[in-house]
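Trainee: My file is entry.txt. It has compact mmCIF, C-alpha atoms:
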```txt
# COMPACT_ATOMS: atom_id res chain seq x y z
CA MET A 24 -1.61 23.39 8.05
CA ALA A 25 0.75 24.34 5.23
CA SER A 26 1.41 28.06 4.86
CA GLU A 27 0.81 29.88 1.59
CA SER A 28 4.56 30.37 1.12
CA ALA A 29 5.11 26.63 1.54
CA ARG A 30 2.56 25.91 -1.15
CA LYS A 31 4.47 27.83 -3.82
CA THR A 32 5.93 25.62 -6.54
CA ASP A 33 9.71 25.30 -6.78
CA PRO A 34 10.86 27.16 -9.96
CA SER A 35 12.71 24.02 -11.08
CA GLY A 36 9.58 21.93 -10.70
CA SER A 37 11.41 19.58 -8.31
CA ARG A 38 9.68 18.13 -5.28
CA THR A 39 10.27 15.65 -2.50
CA VAL A 40 7.75 12.83 -2.15
CA VAL A 41 7.60 10.42 0.79
CA VAL A 42 5.90 7.09 0.09
CA LEU A 43 4.87 5.06 3.14
CA GLY A 44 4.43 1.37 2.36
CA ALA A 45 7.11 1.53 -0.34
CA ASN A 46 7.57 -2.26 -0.34
CA SER A 47 3.88 -2.89 -1.06
CA PHE A 48 2.65 -3.88 -4.50
CA SER A 49 0.91 -0.54 -5.00
CA GLY A 50 3.66 1.49 -3.36
CA GLN A 51 6.49 0.13 -5.48
CA ASP A 52 4.65 0.74 -8.73
CA PHE A 53 3.76 4.30 -7.73
CA ILE A 54 7.42 4.94 -6.88
CA ASP A 55 8.45 3.58 -10.28
CA LEU A 56 6.01 6.00 -11.94
CA LEU A 57 7.32 8.93 -9.86
CA LEU A 58 10.88 8.10 -10.89
CA ASP A 59 9.94 8.47 -14.56
CA ASP A 60 10.19 12.20 -13.83
CA PRO A 61 13.82 13.02 -12.86
CA ARG A 62 12.63 16.14 -11.01
CA ASN A 63 11.14 13.95 -8.28
CA ARG A 64 13.18 13.04 -5.22
CA VAL A 65 11.47 10.03 -3.69
CA ILE A 66 11.86 8.65 -0.17
CA GLY A 67 10.40 5.21 0.54
CA ILE A 68 9.51 3.91 3.98
CA SER A 69 8.45 0.32 4.80
CA ARG A 70 8.78 -1.99 7.78
CA SER A 71 10.47 -4.86 5.93
CA PRO A 72 13.87 -5.00 4.20
CA GLU A 73 13.88 -3.68 0.64
CA ARG A 74 12.92 -6.53 -1.65
CA SER A 75 14.48 -7.64 -4.95
CA SER A 76 13.57 -6.53 -8.46
CA LEU A 77 11.31 -9.59 -8.68
CA PHE A 78 8.82 -7.54 -6.66
CA LEU A 79 10.13 -3.96 -6.92
CA LYS A 80 9.88 -2.45 -10.38
CA TYR A 81 11.55 0.81 -9.36
CA LEU A 82 14.89 -0.97 -8.88
CA GLN A 83 15.10 -1.09 -12.68
CA SER A 84 14.41 2.64 -13.09
CA ALA A 85 16.96 4.78 -14.94
CA ASN A 86 16.47 7.35 -12.16
CA ARG A 87 17.02 4.89 -9.29
CA SER A 88 19.57 7.29 -7.76
CA HIS A 89 16.71 9.72 -7.02
CA PHE A 90 15.27 7.22 -4.52
CA THR A 91 16.27 6.39 -0.95
CA TYR A 92 14.83 3.64 1.24
CA HIS A 93 14.31 3.59 5.00
CA ARG A 94 13.28 0.48 6.92
CA LEU A 95 10.90 1.87 9.54
CA ASP A 96 7.65 0.53 11.02
CA LEU A 97 4.70 2.92 11.32
CA ASN A 98 3.65 1.21 14.56
CA ASN A 99 7.02 0.75 16.26
CA ASP A 100 9.18 3.50 14.79
CA SER A 101 6.75 6.38 14.67
CA ARG A 102 9.12 8.91 16.26
CA ALA A 103 11.88 8.07 13.78
CA ILE A 104 9.42 8.44 10.88
CA LEU A 105 8.18 11.81 12.12
CA ASN A 106 11.77 13.02 12.60
CA LEU A 107 12.63 11.88 9.08
CA LEU A 108 9.64 13.73 7.66
CA ASP A 109 10.61 16.92 9.46
CA ALA A 110 14.19 16.62 8.23
CA GLU A 111 13.22 15.97 4.61
CA ARG A 112 10.22 18.35 4.53
CA PRO A 113 8.35 16.62 1.69
CA GLU A 114 5.77 18.54 -0.30
CA TRP A 115 3.82 15.31 -0.83
CA VAL A 116 3.20 12.31 1.41
CA VAL A 117 1.51 9.20 0.02
CA ASN A 118 0.44 6.52 2.48
CA PHE A 119 0.10 2.94 1.23
CA ALA A 120 1.07 1.50 4.64
CA ALA A 121 -1.84 -0.57 5.94
CA GLN A 122 -3.01 -3.98 7.04
CA SER A 123 -4.98 -4.75 3.91
CA GLU A 124 -6.06 -8.38 3.81
CA VAL A 125 -9.73 -9.12 4.40
CA ALA A 126 -10.03 -12.70 5.70
CA PRO A 127 -7.29 -12.53 8.40
CA SER A 128 -8.79 -9.32 9.79
CA TRP A 129 -11.46 -11.47 11.47
CA ASP A 130 -8.72 -13.19 13.50
CA TYR A 131 -6.64 -10.14 14.41
CA PRO A 132 -8.92 -7.08 14.18
CA GLU A 133 -6.83 -5.20 16.75
CA ASP A 134 -3.84 -5.25 14.38
CA TRP A 135 -5.90 -3.76 11.57
CA PHE A 136 -7.15 -0.92 13.75
CA GLN A 137 -3.68 -0.30 15.22
CA THR A 138 -2.05 0.23 11.83
CA ASN A 139 -4.94 1.66 9.86
CA CYS A 140 -6.27 4.01 12.56
CA VAL A 141 -4.10 4.49 15.64
CA ALA A 142 -0.75 4.85 13.86
CA LEU A 143 -2.43 6.96 11.20
CA ALA A 144 -3.82 9.30 13.84
CA GLU A 145 -0.35 9.93 15.27
CA LEU A 146 1.06 10.56 11.79
CA VAL A 147 -1.53 13.07 10.58
CA ASN A 148 -1.76 14.81 13.96
CA HIS A 149 1.94 15.57 13.60
CA LEU A 150 1.80 16.52 9.93
CA ARG A 151 -1.08 18.94 10.38
CA ARG A 152 1.20 21.10 12.54
CA GLN A 153 3.99 21.32 9.93
CA ASN A 154 4.31 23.98 7.24
CA TYR A 155 5.99 21.91 4.52
CA LEU A 156 3.21 19.51 3.55
CA GLN A 157 1.21 20.53 0.48
CA ARG A 158 -0.67 17.33 -0.33
CA TYR A 159 -1.34 14.08 1.50
CA LEU A 160 -2.77 11.17 -0.49
CA HIS A 161 -4.75 8.69 1.59
CA ILE A 162 -5.24 5.22 0.10
CA SER A 163 -8.73 4.08 1.07
CA SER A 164 -10.74 1.13 -0.29
CA PRO A 165 -14.15 0.50 -1.88
CA GLU A 166 -14.49 -2.23 0.76
CA VAL A 167 -15.88 0.51 3.02
CA TYR A 168 -19.11 0.45 0.96
CA GLY A 169 -19.79 -3.21 1.62
CA SER A 170 -21.53 -5.05 -1.23
CA CYS A 171 -21.88 -2.53 -4.04
CA VAL A 172 -25.22 -2.36 -5.83
CA GLY A 173 -26.04 -0.01 -8.69
CA ARG A 174 -24.06 3.15 -9.43
CA VAL A 175 -21.79 3.70 -6.44
CA THR A 176 -20.33 7.22 -6.41
CA GLU A 177 -17.94 8.88 -3.95
CA ASP A 178 -20.76 10.13 -1.73
CA ALA A 179 -22.27 6.65 -1.20
CA PRO A 180 -22.71 5.75 2.50
CA MET A 181 -20.13 3.49 4.10
CA ASN A 182 -21.40 0.06 5.14
CA PRO A 183 -18.36 -2.13 5.90
CA SER A 184 -18.72 -5.91 6.09
CA THR A 185 -15.35 -6.91 7.62
CA PRO A 186 -12.95 -5.65 10.30
CA TYR A 187 -10.56 -4.59 7.53
CA ALA A 188 -13.26 -2.51 5.86
CA ALA A 189 -14.34 -1.07 9.21
CA SER A 190 -10.76 0.00 9.98
CA LYS A 191 -10.47 1.74 6.60
CA ALA A 192 -13.83 3.47 7.10
CA ALA A 193 -12.66 4.70 10.51
CA ALA A 194 -9.46 6.03 8.93
CA ASP A 195 -11.46 7.89 6.29
CA LEU A 196 -13.63 9.51 8.94
CA LEU A 197 -10.58 10.47 10.99
CA LEU A 198 -9.02 12.27 8.03
CA THR A 199 -12.32 13.98 7.27
CA THR A 200 -12.32 15.50 10.74
CA PHE A 201 -8.73 16.73 10.32
CA ARG A 202 -9.70 18.29 7.01
CA LYS A 203 -12.67 20.08 8.58
CA GLN A 204 -10.89 21.23 11.73
CA PHE A 205 -7.37 22.01 10.51
CA ASP A 206 -7.67 22.29 6.70
CA PHE A 207 -5.41 19.23 6.43
CA PRO A 208 -4.46 18.85 2.73
CA VAL A 209 -5.84 15.34 2.27
CA LEU A 210 -6.90 13.77 -1.00
CA THR A 211 -8.45 10.31 -0.91
CA VAL A 212 -8.50 7.54 -3.49
CA ARG A 213 -10.53 4.34 -3.56
CA ALA A 214 -9.36 2.00 -6.31
CA THR A 215 -10.87 -1.37 -7.11
CA ASN A 216 -9.03 -4.70 -7.31
CA VAL A 217 -5.50 -4.00 -8.48
CA TYR A 218 -3.44 -6.66 -10.21
CA GLY A 219 -0.30 -6.98 -12.31
CA ALA A 220 3.20 -8.41 -12.37
CA ARG A 221 4.96 -8.34 -8.96
CA GLN A 222 1.72 -8.69 -7.00
CA GLN A 223 1.70 -10.69 -3.75
CA LEU A 224 1.77 -14.35 -4.72
CA PHE A 225 -1.27 -15.30 -2.61
CA LYS A 226 -3.55 -13.01 -4.63
CA ILE A 227 -5.94 -14.81 -6.96
CA ILE A 228 -4.42 -13.72 -10.30
CA PRO A 229 -0.71 -14.49 -9.70
CA ARG A 230 -1.62 -17.55 -7.63
CA SER A 231 -3.79 -18.87 -10.45
CA ALA A 232 -0.93 -18.45 -12.92
CA ILE A 233 1.45 -20.26 -10.55
CA TYR A 234 -1.01 -23.11 -9.94
CA LEU A 235 -1.77 -23.53 -13.63
CA LEU A 236 1.95 -23.70 -14.45
CA THR A 237 2.71 -26.15 -11.63
CA GLY A 238 -0.31 -28.42 -11.96
CA LYS A 239 -2.04 -27.44 -8.71
CA THR A 240 -5.80 -27.04 -8.32
CA ILE A 241 -7.18 -23.51 -7.95
CA GLU A 242 -9.77 -23.13 -5.19
CA LEU A 243 -12.63 -20.78 -6.06
CA HIS A 244 -14.33 -19.44 -2.94
CA GLY A 245 -18.08 -19.51 -3.44
CA GLY A 246 -17.47 -20.93 -6.89
CA GLY A 247 -15.86 -17.66 -7.95
CA ARG A 248 -19.25 -15.95 -8.30
CA ALA A 249 -18.19 -12.72 -6.55
CA VAL A 250 -17.94 -9.84 -9.00
CA LYS A 251 -14.76 -7.77 -8.83
CA SER A 252 -13.44 -4.78 -10.76
CA TYR A 253 -9.91 -5.70 -11.76
CA ILE A 254 -7.73 -2.78 -12.78
CA HIS A 255 -4.07 -2.85 -13.74
CA ILE A 256 -1.70 -1.42 -11.15
CA ARG A 257 -0.15 1.09 -13.59
CA ASP A 258 -3.57 2.54 -14.42
CA VAL A 259 -4.14 3.02 -10.68
CA SER A 260 -0.70 4.62 -10.20
CA ARG A 261 -1.41 6.99 -13.08
CA GLY A 262 -4.70 7.92 -11.45
CA GLU A 263 -3.07 8.49 -8.06
CA LEU A 264 -0.48 10.77 -9.62
CA ALA A 265 -3.20 12.71 -11.45
CA ILE A 266 -5.05 13.14 -8.13
CA LEU A 267 -1.90 14.45 -6.44
CA GLU A 268 -1.09 16.84 -9.25
CA HIS A 269 -4.54 18.11 -10.17
CA GLY A 270 -7.12 16.82 -7.67
CA GLN A 271 -9.14 19.10 -5.43
CA ILE A 272 -7.89 18.99 -1.84
CA GLY A 273 -10.48 17.41 0.43
CA GLN A 274 -11.99 15.45 -2.44
CA MET A 275 -12.50 11.70 -2.82
CA TYR A 276 -11.77 9.98 -6.15
CA HIS A 277 -12.66 6.51 -7.42
CA LEU A 278 -10.46 4.59 -9.85
CA SER A 279 -12.16 1.67 -11.56
CA PRO A 280 -12.43 -0.15 -14.90
CA ASP A 281 -15.39 0.12 -17.23
CA GLN A 282 -17.14 -2.94 -15.82
CA GLY A 283 -16.94 -5.70 -13.26
CA ILE A 284 -16.16 -9.36 -13.87
CA SER A 285 -16.55 -12.49 -11.76
CA VAL A 286 -13.52 -14.19 -10.28
CA ARG A 287 -14.64 -17.31 -12.09
CA GLU A 288 -14.43 -15.62 -15.49
CA VAL A 289 -10.99 -14.19 -14.73
CA VAL A 290 -9.66 -17.66 -13.96
CA GLN A 291 -11.35 -19.00 -17.09
CA ARG A 292 -9.48 -16.41 -19.14
CA MET A 293 -6.19 -17.38 -17.51
CA CYS A 294 -6.85 -21.03 -18.24
CA ALA A 295 -7.52 -20.13 -21.88
CA THR A 296 -4.30 -18.08 -22.02
CA LEU A 297 -2.28 -21.07 -20.86
CA GLY A 298 -4.27 -23.70 -22.75
CA ARG A 299 -5.51 -25.41 -19.59
CA SER A 300 -8.93 -26.94 -18.86
CA PHE A 301 -10.91 -24.77 -16.45
CA GLU A 302 -12.90 -27.72 -15.12
CA GLU A 303 -9.79 -29.81 -14.47
CA SER A 304 -7.81 -26.93 -12.97
CA THR A 305 -10.34 -25.58 -10.44
CA LYS A 306 -12.69 -26.62 -7.65
CA SER A 307 -15.33 -24.72 -5.69
CA VAL A 308 -14.96 -24.20 -1.92
CA ASP A 309 -16.96 -22.33 0.71
CA GLU A 310 -17.18 -18.56 0.47
CA ARG A 311 -15.14 -16.38 2.83
CA PRO A 312 -17.03 -14.72 5.71
CA GLY A 313 -18.11 -11.18 4.88
CA GLN A 314 -17.32 -11.55 1.18
CA ASP A 315 -19.13 -8.80 -0.73
CA ALA A 316 -21.19 -10.13 -3.64
CA ALA A 317 -20.29 -7.26 -5.95
CA TYR A 318 -17.48 -4.76 -6.04
CA VAL A 319 -18.20 -2.21 -8.78
CA ILE A 320 -17.85 1.55 -8.33
CA ASP A 321 -18.27 4.61 -10.54
CA SER A 322 -15.14 6.58 -11.50
CA SER A 323 -16.78 9.39 -13.49
CA ARG A 324 -15.26 12.09 -11.26
CA ALA A 325 -11.66 11.09 -12.02
CA ARG A 326 -12.48 10.61 -15.69
CA THR A 327 -14.16 14.00 -15.98
CA GLU A 328 -12.09 16.22 -13.67
CA LEU A 329 -8.66 14.61 -14.21
CA ASN A 330 -9.06 13.24 -17.76
CA TRP A 331 -8.06 9.81 -16.41
CA LYS A 332 -9.18 6.46 -17.75
CA PRO A 333 -7.77 2.92 -17.72
CA GLN A 334 -5.46 2.14 -20.62
CA ILE A 335 -4.52 -1.53 -20.05
CA ASP A 336 -7.25 -4.02 -20.89
CA LEU A 337 -7.73 -7.11 -18.75
CA ASP A 338 -6.49 -9.68 -21.27
CA THR A 339 -3.27 -7.70 -21.81
CA GLY A 340 -2.77 -7.39 -18.06
CA LEU A 341 -3.38 -11.10 -17.43
CA ARG A 342 -0.88 -11.97 -20.14
CA GLU A 343 1.67 -9.74 -18.40
CA VAL A 344 1.17 -11.59 -15.11
CA VAL A 345 1.51 -14.97 -16.81
CA ASP A 346 4.71 -13.85 -18.57
CA TRP A 347 6.16 -12.57 -15.28
CA VAL A 348 5.38 -15.84 -13.48
CA GLN A 349 6.78 -17.95 -16.33
CA ALA A 350 9.99 -15.91 -16.47
CA ASN A 351 10.53 -16.18 -12.72
CA LEU A 352 8.88 -19.51 -11.90
CA GLU A 353 11.98 -21.14 -10.42
CA ALA A 354 12.44 -18.28 -7.92
CA ILE A 355 8.72 -18.00 -7.22
CA GLU A 356 8.41 -21.71 -6.38
CA GLN A 357 10.86 -21.17 -3.49
CA LEU A 358 8.54 -18.59 -1.88
CA PRO A 359 5.42 -19.07 0.26
CA LEU A 360 2.15 -18.84 -1.67
CA SER A 361 -0.10 -18.09 1.30
CA TYR A 362 -0.61 -14.95 3.35
CA ILE A 363 1.64 -14.69 6.43
CA HIS A 364 0.29 -12.30 9.03
CA ARG A 365 2.58 -9.81 10.73
CA PRO A 366 1.14 -7.52 13.45
```
So, in terms of structure tokens, how does the structure I just supplied come out?

Mentor:
Amino acid sequence: MASESARKTDPSGSRTVVVLGANSFSGQDFIDLLLDDPRNRVIGISRSPERSSLFLKYLQSANRSHFTYHRLDLNNDSRAILNLLDAERPEWVVNFAAQSEVAPSWDYPEDWFQTNCVALAELVNHLRRQNYLQRYLHISSPEVYGSCVGRVTEDAPMNPSTPYAASKAAADLLLTTFRKQFDFPVLTVRATNVYGARQQLFKIIPRSAIYLLTGKTIELHGGGRAVKSYIHIRDVSRGELAILEHGQIGQMYHLSPDQGISVREVVQRMCATLGRSFEESTKSVDERPGQDAAYVIDSSRARTELNWKPQIDLDTGLREVVDWVQANLEAIEQLPLSYIHRP
């Protein structure tokens, strides 16, 4: 548990922030936001080599020199990560590192629990003994609620429908016990479906843009009837930063848009943006196992306590994704468009 002296703010306002999962879509955008403030010294950790600016926005930051990158795997390099943390003594740790895809978790559930639970347990069990950590932001998921019906607030019961969701629920419960027993300085965020430029190419929004621009047919699982809550990645990053700066330790916060929308309607809007026929560009296929029918949560707590709200409307965000794909289509076409599992 952090001591009171360790919790005092540096007079200069500077701080060291470690971001696990720095190469992820969410991690890279959060790093880019952190680097907007030159007082932040940011350390990124991910298991893969640092990617190009096609996928990493922070590489274009004016304060890029305030960032360092370490290629380390939470599962295989845990001792090196813990040693690095102790050497750097970050005030904040933000953990985006996770196995996060839903469908493949049915085939390799052990990998999801290894990363999302076992490796996490080793990390937080070490951090709770250190006196430098002031705040730890845990990235959870609304998937832990299962199919969301009605007004789903932060105290709704967990009812996971997939191995991925079950592993995230287990992680949440683990951190709750560390908070209760050791006063571990955890804050938790559950954000709905993020999207934006630089997202993984197999995700429905960038993949739809790629398929529409290359003449391929978009497959809509279950006809695209599932209702999602799409929120722009920068709105989520802003919310995560607000939680770190002003959130109540031990508290859970939702980040979500004003309303949900079906996958089908999102693709219809993208077709309209590019002047393509929805009927000619799509086909319905079987639904994925465990797919939740609705995915809408209430974010009143973040809006009230942190004065946060989404600022980027869906049509503007979709246009951004289309522009990014169009500008980089030649490079994107050389990359795989399907999920590739790595344990």

Trainee: Choose the residue, out of A:His93, A:Arg213, A:Pro180, A:Ile233, that has the smallest atom-to-atom separation from Glu353 in chain A; count all atoms listed in the file.

Mentor: A:Ile233

Trainee: Using only C-alpha atoms, can you tell me which of A:Asp60, A:Glu145, A:Glu343, A:Asp52 comes closest to Ala194 in chain A?

Mentor: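 When distances to Ala194 in chain A are compared using only C-alpha atoms, the smallest one comes from A:Glu145.
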
Trainee: Would you kindly return, as a list in words, each protein, DNA or RNA residue with an atom no farther than 12 Å from any atom of Gln137 in chain A, considering all atoms listed in the file and excluding same-chain residues fewer than 4 positions away?

Mentor: Leu97, Asn98, Asn99, Ala120, Ala121, Gln122, Ser128, Tyr131, Pro132, Glu133, Val141, Ala142, Leu143, Ala144, Glu145, Pro186, Tyr187, Ser190, Lys191, Ala193, Ala194 and Pro366 of chain A

Trainee: Export C-alpha atoms of the chosen residues as a PDB file, in the coordinates of the input?

Mentor:
```
ATOM      1  CA  LEU A  97       4.700   2.920  11.320  1.00  0.00           C
ATOM      2  CA  ASN A  98       3.650   1.210  14.560  1.00  0.00           C
ATOM      3  CA  ASN A  99       7.020   0.750  16.260  1.00  0.00           C
ATOM      4  CA  ALA A 120       1.070   1.500   4.640  1.00  0.00           C
ATOM      5  CA  ALA A 121      -1.840  -0.570   5.940  1.00  0.00           C
ATOM      6  CA  GLN A 122      -3.010  -3.980   7.040  1.00  0.00           C
ATOM      7  CA  SER A 128      -8.790  -9.320   9.790  1.00  0.00           C
ATOM      8  CA  TYR A 131      -6.640 -10.140  14.410  1.00  0.00           C
ATOM      9  CA  PRO A 132      -8.920  -7.080  14.180  1.00  0.00           C
ATOM     10  CA  GLU A 133      -6.830  -5.200  16.750  1.00  0.00           C
ATOM     11  CA  VAL A 141      -4.100   4.490  15.640  1.00  0.00           C
ATOM     12  CA  ALA A 142      -0.750   4.850  13.860  1.00  0.00           C
ATOM     13  CA  LEU A 143      -2.430   6.960  11.200  1.00  0.00           C
ATOM     14  CA  ALA A 144      -3.820   9.300  13.840  1.00  0.00           C
ATOM     15  CA  GLU A 145      -0.350   9.930  15.270  1.00  0.00           C
ATOM     16  CA  PRO A 186     -12.950  -5.650  10.300  1.00  0.00           C
ATOM     17  CA  TYR A 187     -10.560  -4.590   7.530  1.00  0.00           C
ATOM     18  CA  SER A 190     -10.760   0.000   9.980  1.00  0.00           C
ATOM     19  CA  LYS A 191     -10.470   1.740   6.600  1.00  0.00           C
ATOM     20  CA  ALA A 193     -12.660   4.700  10.510  1.00  0.00           C
ATOM     21  CA  ALA A 194      -9.460   6.030   8.930  1.00  0.00           C
ATOM     22  CA  PRO A 366       1.140  -7.520  13.450  1.00  0.00           C
TER      23      PRO A 366
END
```

Trainee: Which residues, written as a PyMOL selection string, have at least one atom at most 10 Å from Ile363 in chain A, with all atoms listed in the file counted and residues fewer than 3 positions away on the same chain left out?

Mentor: chain A and resi 127+225+359-360

Trainee: Using CA of Thr39 in chain A and CA of Phe90 in chain A as the two end points, give the distance in Å to one decimal.

Mentor: 10.0 Å

Trainee: Quick one: of A:Arg287, A:Lys226, A:Arg151, A:His161, who's nearest to Phe205 in chain A, counting all atoms listed in the file?

Mentor: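 Result for the nearest residue to Phe205 in chain A: A:Arg151.
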
Trainee: Please determine, counting only C-alpha atoms, which residue among A:Glu303, A:Asp346, A:Thr199, A:Gly270 has the shortest atom-to-atom distance to Asn330 in chain A.

Mentor: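 The shortest atom-to-atom distance to Asn330 in chain A comes from A:Gly270.
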
Trainee: Taking N, CA and C atoms as the atom set, what does range 159-187 of chain A look like once completed, written as a PDB file, in the coordinates of the input?

Mentor:
```
ATOM      1  N   TYR A 159      -1.442  15.387   0.857  1.00  0.00           N
ATOM      2  CA  TYR A 159      -1.340  14.080   1.500  1.00  0.00           C
ATOM      3  C   TYR A 159      -2.353  13.162   0.824  1.00  0.00           C
ATOM      4  N   LEU A 160      -1.867  12.098   0.190  1.00  0.00           N
ATOM      5  CA  LEU A 160      -2.770  11.170  -0.490  1.00  0.00           C
ATOM      6  C   LEU A 160      -3.035   9.970   0.407  1.00  0.00           C
ATOM      7  N   HIS A 161      -4.312   9.801   0.739  1.00  0.00           N
ATOM      8  CA  HIS A 161      -4.750   8.690   1.590  1.00  0.00           C
ATOM      9  C   HIS A 161      -5.312   7.588   0.703  1.00  0.00           C
ATOM     10  N   ILE A 162      -4.786   6.376   0.876  1.00  0.00           N
ATOM     11  CA  ILE A 162      -5.240   5.220   0.100  1.00  0.00           C
ATOM     12  C   ILE A 162      -6.351   4.534   0.876  1.00  0.00           C
ATOM     13  N   SER A 163      -7.576   4.720   0.446  1.00  0.00           N
ATOM     14  CA  SER A 163      -8.730   4.080   1.070  1.00  0.00           C
ATOM     15  C   SER A 163      -9.087   2.825   0.271  1.00  0.00           C
ATOM     16  N   SER A 164     -10.314   2.353   0.404  1.00  0.00           N
ATOM     17  CA  SER A 164     -10.740   1.130  -0.290  1.00  0.00           C
ATOM     18  C   SER A 164     -12.237   1.133  -0.514  1.00  0.00           C
ATOM     19  N   PRO A 165     -12.701   0.655  -1.671  1.00  0.00           N
ATOM     20  CA  PRO A 165     -14.150   0.500  -1.880  1.00  0.00           C
ATOM     21  C   PRO A 165     -14.783  -0.512  -0.933  1.00  0.00           C
ATOM     22  N   GLU A 166     -13.948  -1.294  -0.217  1.00  0.00           N
ATOM     23  CA  GLU A 166     -14.490  -2.230   0.760  1.00  0.00           C
ATOM     24  C   GLU A 166     -15.347  -1.522   1.802  1.00  0.00           C
ATOM     25  N   VAL A 167     -15.111  -0.222   2.012  1.00  0.00           N
ATOM     26  CA  VAL A 167     -15.880   0.510   3.020  1.00  0.00           C
ATOM     27  C   VAL A 167     -17.360   0.579   2.664  1.00  0.00           C
ATOM     28  N   TYR A 168     -17.716   0.387   1.383  1.00  0.00           N
ATOM     29  CA  TYR A 168     -19.110   0.450   0.960  1.00  0.00           C
ATOM     30  C   TYR A 168     -19.861  -0.852   1.225  1.00  0.00           C
ATOM     31  N   GLY A 169     -19.138  -1.917   1.527  1.00  0.00           N
ATOM     32  CA  GLY A 169     -19.790  -3.210   1.620  1.00  0.00           C
ATOM     33  C   GLY A 169     -20.118  -3.718   0.224  1.00  0.00           C
ATOM     34  N   SER A 170     -21.147  -4.536   0.084  1.00  0.00           N
ATOM     35  CA  SER A 170     -21.530  -5.050  -1.230  1.00  0.00           C
ATOM     36  C   SER A 170     -22.123  -3.923  -2.066  1.00  0.00           C
ATOM     37  N   CYS A 171     -21.493  -3.662  -3.200  1.00  0.00           N
ATOM     38  CA  CYS A 171     -21.880  -2.530  -4.040  1.00  0.00           C
ATOM     39  C   CYS A 171     -23.012  -2.909  -4.991  1.00  0.00           C
ATOM     40  N   VAL A 172     -24.075  -2.127  -4.966  1.00  0.00           N
ATOM     41  CA  VAL A 172     -25.220  -2.360  -5.830  1.00  0.00           C
ATOM     42  C   VAL A 172     -25.539  -1.076  -6.580  1.00  0.00           C
ATOM     43  N   GLY A 173     -25.705  -1.185  -7.904  1.00  0.00           N
ATOM     44  CA  GLY A 173     -26.040  -0.010  -8.690  1.00  0.00           C
ATOM     45  C   GLY A 173     -24.842   0.892  -8.913  1.00  0.00           C
ATOM     46  N   ARG A 174     -25.110   2.168  -9.127  1.00  0.00           N
ATOM     47  CA  ARG A 174     -24.060   3.150  -9.430  1.00  0.00           C
ATOM     48  C   ARG A 174     -23.532   3.726  -8.118  1.00  0.00           C
ATOM     49  N   VAL A 175     -22.360   3.283  -7.709  1.00  0.00           N
ATOM     50  CA  VAL A 175     -21.790   3.700  -6.440  1.00  0.00           C
ATOM     51  C   VAL A 175     -20.802   4.847  -6.684  1.00  0.00           C
ATOM     52  N   THR A 176     -21.178   6.046  -6.259  1.00  0.00           N
ATOM     53  CA  THR A 176     -20.330   7.220  -6.410  1.00  0.00           C
ATOM     54  C   THR A 176     -19.615   7.525  -5.087  1.00  0.00           C
ATOM     55  N   GLU A 177     -18.781   8.570  -5.106  1.00  0.00           N
ATOM     56  CA  GLU A 177     -17.940   8.880  -3.950  1.00  0.00           C
ATOM     57  C   GLU A 177     -18.719   9.308  -2.715  1.00  0.00           C
ATOM     58  N   ASP A 178     -19.972   9.715  -2.888  1.00  0.00           N
ATOM     59  CA  ASP A 178     -20.760  10.130  -1.730  1.00  0.00           C
ATOM     60  C   ASP A 178     -21.683   9.024  -1.209  1.00  0.00           C
ATOM     61  N   ALA A 179     -21.478   7.786  -1.679  1.00  0.00           N
ATOM     62  CA  ALA A 179     -22.270   6.650  -1.200  1.00  0.00           C
ATOM     63  C   ALA A 179     -21.966   6.413   0.284  1.00  0.00           C
ATOM     64  N   PRO A 180     -22.951   5.989   1.068  1.00  0.00           N
ATOM     65  CA  PRO A 180     -22.710   5.750   2.500  1.00  0.00           C
ATOM     66  C   PRO A 180     -21.797   4.547   2.716  1.00  0.00           C
ATOM     67  N   MET A 181     -21.005   4.611   3.760  1.00  0.00           N
ATOM     68  CA  MET A 181     -20.130   3.490   4.100  1.00  0.00           C
ATOM     69  C   MET A 181     -20.924   2.433   4.860  1.00  0.00           C
ATOM     70  N   ASN A 182     -20.679   1.169   4.526  1.00  0.00           N
ATOM     71  CA  ASN A 182     -21.400   0.060   5.140  1.00  0.00           C
ATOM     72  C   ASN A 182     -20.475  -1.159   5.182  1.00  0.00           C
ATOM     73  N   PRO A 183     -19.374  -1.082   5.940  1.00  0.00           N
ATOM     74  CA  PRO A 183     -18.360  -2.130   5.900  1.00  0.00           C
ATOM     75  C   PRO A 183     -18.855  -3.482   6.394  1.00  0.00           C
ATOM     76  N   SER A 184     -18.291  -4.547   5.788  1.00  0.00           N
ATOM     77  CA  SER A 184     -18.720  -5.910   6.090  1.00  0.00           C
ATOM     78  C   SER A 184     -17.668  -6.721   6.836  1.00  0.00           C
ATOM     79  N   THR A 185     -16.448  -6.178   6.991  1.00  0.00           N
ATOM     80  CA  THR A 185     -15.350  -6.910   7.620  1.00  0.00           C
ATOM     81  C   THR A 185     -14.576  -5.974   8.538  1.00  0.00           C
ATOM     82  N   PRO A 186     -13.797  -6.517   9.474  1.00  0.00           N
ATOM     83  CA  PRO A 186     -12.950  -5.650  10.300  1.00  0.00           C
ATOM     84  C   PRO A 186     -11.988  -4.813   9.470  1.00  0.00           C
ATOM     85  N   TYR A 187     -11.439  -5.386   8.399  1.00  0.00           N
ATOM     86  CA  TYR A 187     -10.560  -4.590   7.530  1.00  0.00           C
ATOM     87  C   TYR A 187     -11.304  -3.380   6.984  1.00  0.00           C
TER      88      TYR A 187
END
```
